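Visitor: Handing you a structure now.
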Amino acid sequence: MSYVFIFIREHLVSITPSDLLKSHTALVIFKMEKPKFSLSALTSTRGALHMAQIVMCVVTFVVSCVWGHPGHTYWIYCMVVWGLCPIISLVITIVEMFLIHKLILVFCMDWDDFTTGMAMMASLCTFSCTVMFANFYICRKCIWGWMVTILSAVCCALYCVETFRDKCDATRSATYVAVLPGFIKILEAFIACIILISLIGYVGKPALLWCIAAYVIPLPLTLLTIITNILTKLKKCLPIDRFTMLFLVISVLLYITAAILWPTYSFKGNPRPKDCPGNSCIWSIQFVVTFMTYVNLGLYVTDLVFTCCGICGFRRS
């Protein structure tokens, strides 16, 4: 059974067809299917991918938890990623299994765009976890480190396959997150997270404390922009492009100050040690923060240019 709801100026009313023809009031008509159970969400290739992602992430989480390196920020970050990614995959599977995404599509967001964006984000996060474990926890006799790294690489491969399938599927829509402007936003948030978990050696240096503020402030602004663009109904009600440009100007200015202050005060009187292994050398981690600062500055500048072009009426790719 299906239901038809007619909204007139945000009020649900009963109206006859003749009244509907005579009415000059703006109408919004939604035809909403009753939620049903669909087993294809599990038996399809997409469903099988989600099940494999959930299983592999949970196994990786458990193996890493049993092995354990508590207190290390990189280890904590990896555990959060391996714990959050399967939860997202599970929620997406449940929503699609009961066809709830059709209701979500009507009322608030582009579901295809959202799920593709989540797959892209999970691919980036699991890839970063694989690189971190390979750099920090692998040695000739570190069997657990090798196991976790291989399992994380499998998780990354599964999410990359889903991303590739979604991008090649012409039937799936891509309105923001799955296209260039949204993907740049995802990269900005991702790199900001990498910077924040890599911060070290700033105690007692006010200039570096300012840099931390410069890294922290743009992150919620970026996440807010992503959420607002995903929620299509909200996006239509707000001048989001103008707000986005303001946020980007603030972010660019903050990152410019960080790009100047962080390398200046991090490496002042702090030359690279002769013995500086990548997994324990503070200098190397500070260099990672410096490099990522310049990468994110470039992304924010690029994003600002795209946003300005959109406001000025030029078409964005």
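Residues in the structure tokens are named by chain (A, B, ... in the order shown) and by number from 1 within that chain; ligands are numbered from 1 in the order shown.
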Taking the DSSP secondary structure from the backbone, can you list the residues of range 25-254 of chain A that are strand (DSSP E or B), as a list in words?
Guide: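 Strand (DSSP E or B) members of range 25-254 of chain A, listed: Leu27, Val28, Ile29, Phe30, Lys31, Met32, Glu33, Met109 and Leu231 of chain A.
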Visitor: Kindly save the residues from that selection, with N, CA and C atoms included, as an mmCIF file, in the first residue's frame.
Guide:
```
data_model
loop_
_atom_site.group_PDB
_atom_site.id
_atom_site.type_symbol
_atom_site.label_atom_id
_atom_site.label_comp_id
_atom_site.auth_asym_id
_atom_site.auth_seq_id
_atom_site.Cartn_x
_atom_site.Cartn_y
_atom_site.Cartn_z
ATOM 1 N N LEU A 27 2.160 23.930 -3.674
ATOM 2 C CA LEU A 27 2.006 22.591 -3.127
ATOM 3 C C LEU A 27 3.290 21.808 -3.278
ATOM 4 N N VAL A 28 3.524 20.936 -2.319
ATOM 5 C CA VAL A 28 4.608 19.968 -2.427
ATOM 6 C C VAL A 28 4.001 18.600 -2.197
ATOM 7 N N ILE A 29 4.083 17.727 -3.175
ATOM 8 C CA ILE A 29 3.420 16.423 -3.100
ATOM 9 C C ILE A 29 4.468 15.330 -3.024
ATOM 10 N N PHE A 30 4.347 14.456 -2.040
ATOM 11 C CA PHE A 30 5.273 13.351 -1.865
ATOM 12 C C PHE A 30 4.491 12.043 -1.940
ATOM 13 N N LYS A 31 4.971 11.160 -2.720
ATOM 14 C CA LYS A 31 4.414 9.812 -2.730
ATOM 15 C C LYS A 31 5.409 8.898 -2.036
ATOM 16 N N MET A 32 4.992 8.345 -0.928
ATOM 17 C CA MET A 32 5.915 7.639 -0.072
ATOM 18 C C MET A 32 5.510 6.168 0.039
ATOM 19 N N GLU A 33 6.414 5.283 -0.306
ATOM 20 C CA GLU A 33 6.134 3.861 -0.221
ATOM 21 C C GLU A 33 6.293 3.381 1.220
ATOM 22 N N MET A 109 18.067 13.949 2.200
ATOM 23 C CA MET A 109 19.396 13.869 1.608
ATOM 24 C C MET A 109 19.440 12.985 0.368
ATOM 25 N N LEU A 231 22.450 17.487 3.260
ATOM 26 C CA LEU A 231 21.024 17.664 3.573
ATOM 27 C C LEU A 231 20.417 18.616 2.549
#
```
Visitor: What's the 12 Å shell around Pro271 in chain A, counting only C-alpha atoms, without same-chain residues fewer than 2 positions away, as a compact mmCIF listing (two decimals) with C-alpha atoms, in the first residue's frame?
Guide:
```txt
# COMPACT_ATOMS: atom_id res chain seq x y z
CA PRO A 263 58.07 25.02 10.74
CA THR A 264 59.73 28.18 12.08
CA TYR A 265 59.26 27.35 15.77
CA SER A 266 59.34 23.55 15.45
CA PHE A 267 62.72 23.34 13.74
CA LYS A 268 64.34 26.43 15.28
CA GLY A 269 67.32 25.07 17.19
CA PRO A 273 69.09 13.97 14.56
CA LYS A 274 71.53 11.63 12.90
CA ASP A 275 69.63 8.64 14.28
CA CYS A 276 66.00 9.45 13.52
CA CYS A 281 61.63 10.40 16.10
CA ILE A 282 59.85 13.58 17.23
CA TRP A 283 61.54 15.55 14.44
CA SER A 284 60.03 13.25 11.79
CA GLN A 286 56.92 17.39 13.32
CA PHE A 287 57.95 17.23 9.67
```
Visitor: May I have the residues within 12 Å of range 177-182 of chain A as a PyMOL selection string, using only C-alpha atoms and disregarding those fewer than 4 positions away in the same chain?
Guide: chain A and resi 109-121+163-164+166-169+172-173+186-189+222-223+225-232+241+244+299-300+302-310+315-317
Visitor: With distances taken over only C-alpha atoms, which of A:Leu246, A:Cys156, A:Ala52, A:Leu261 is nearest to Pro206 in chain A?
Guide: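 So, comparing all the options, the nearest one is A:Leu261.
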Visitor: Could you pull out all residues of range 196-277 of chain A with a DSSP call of helix (DSSP H, G or I) and give them as a ChimeraX atom specification?
Guide: /A:196-198,206-216,218-230,232-237,240-266
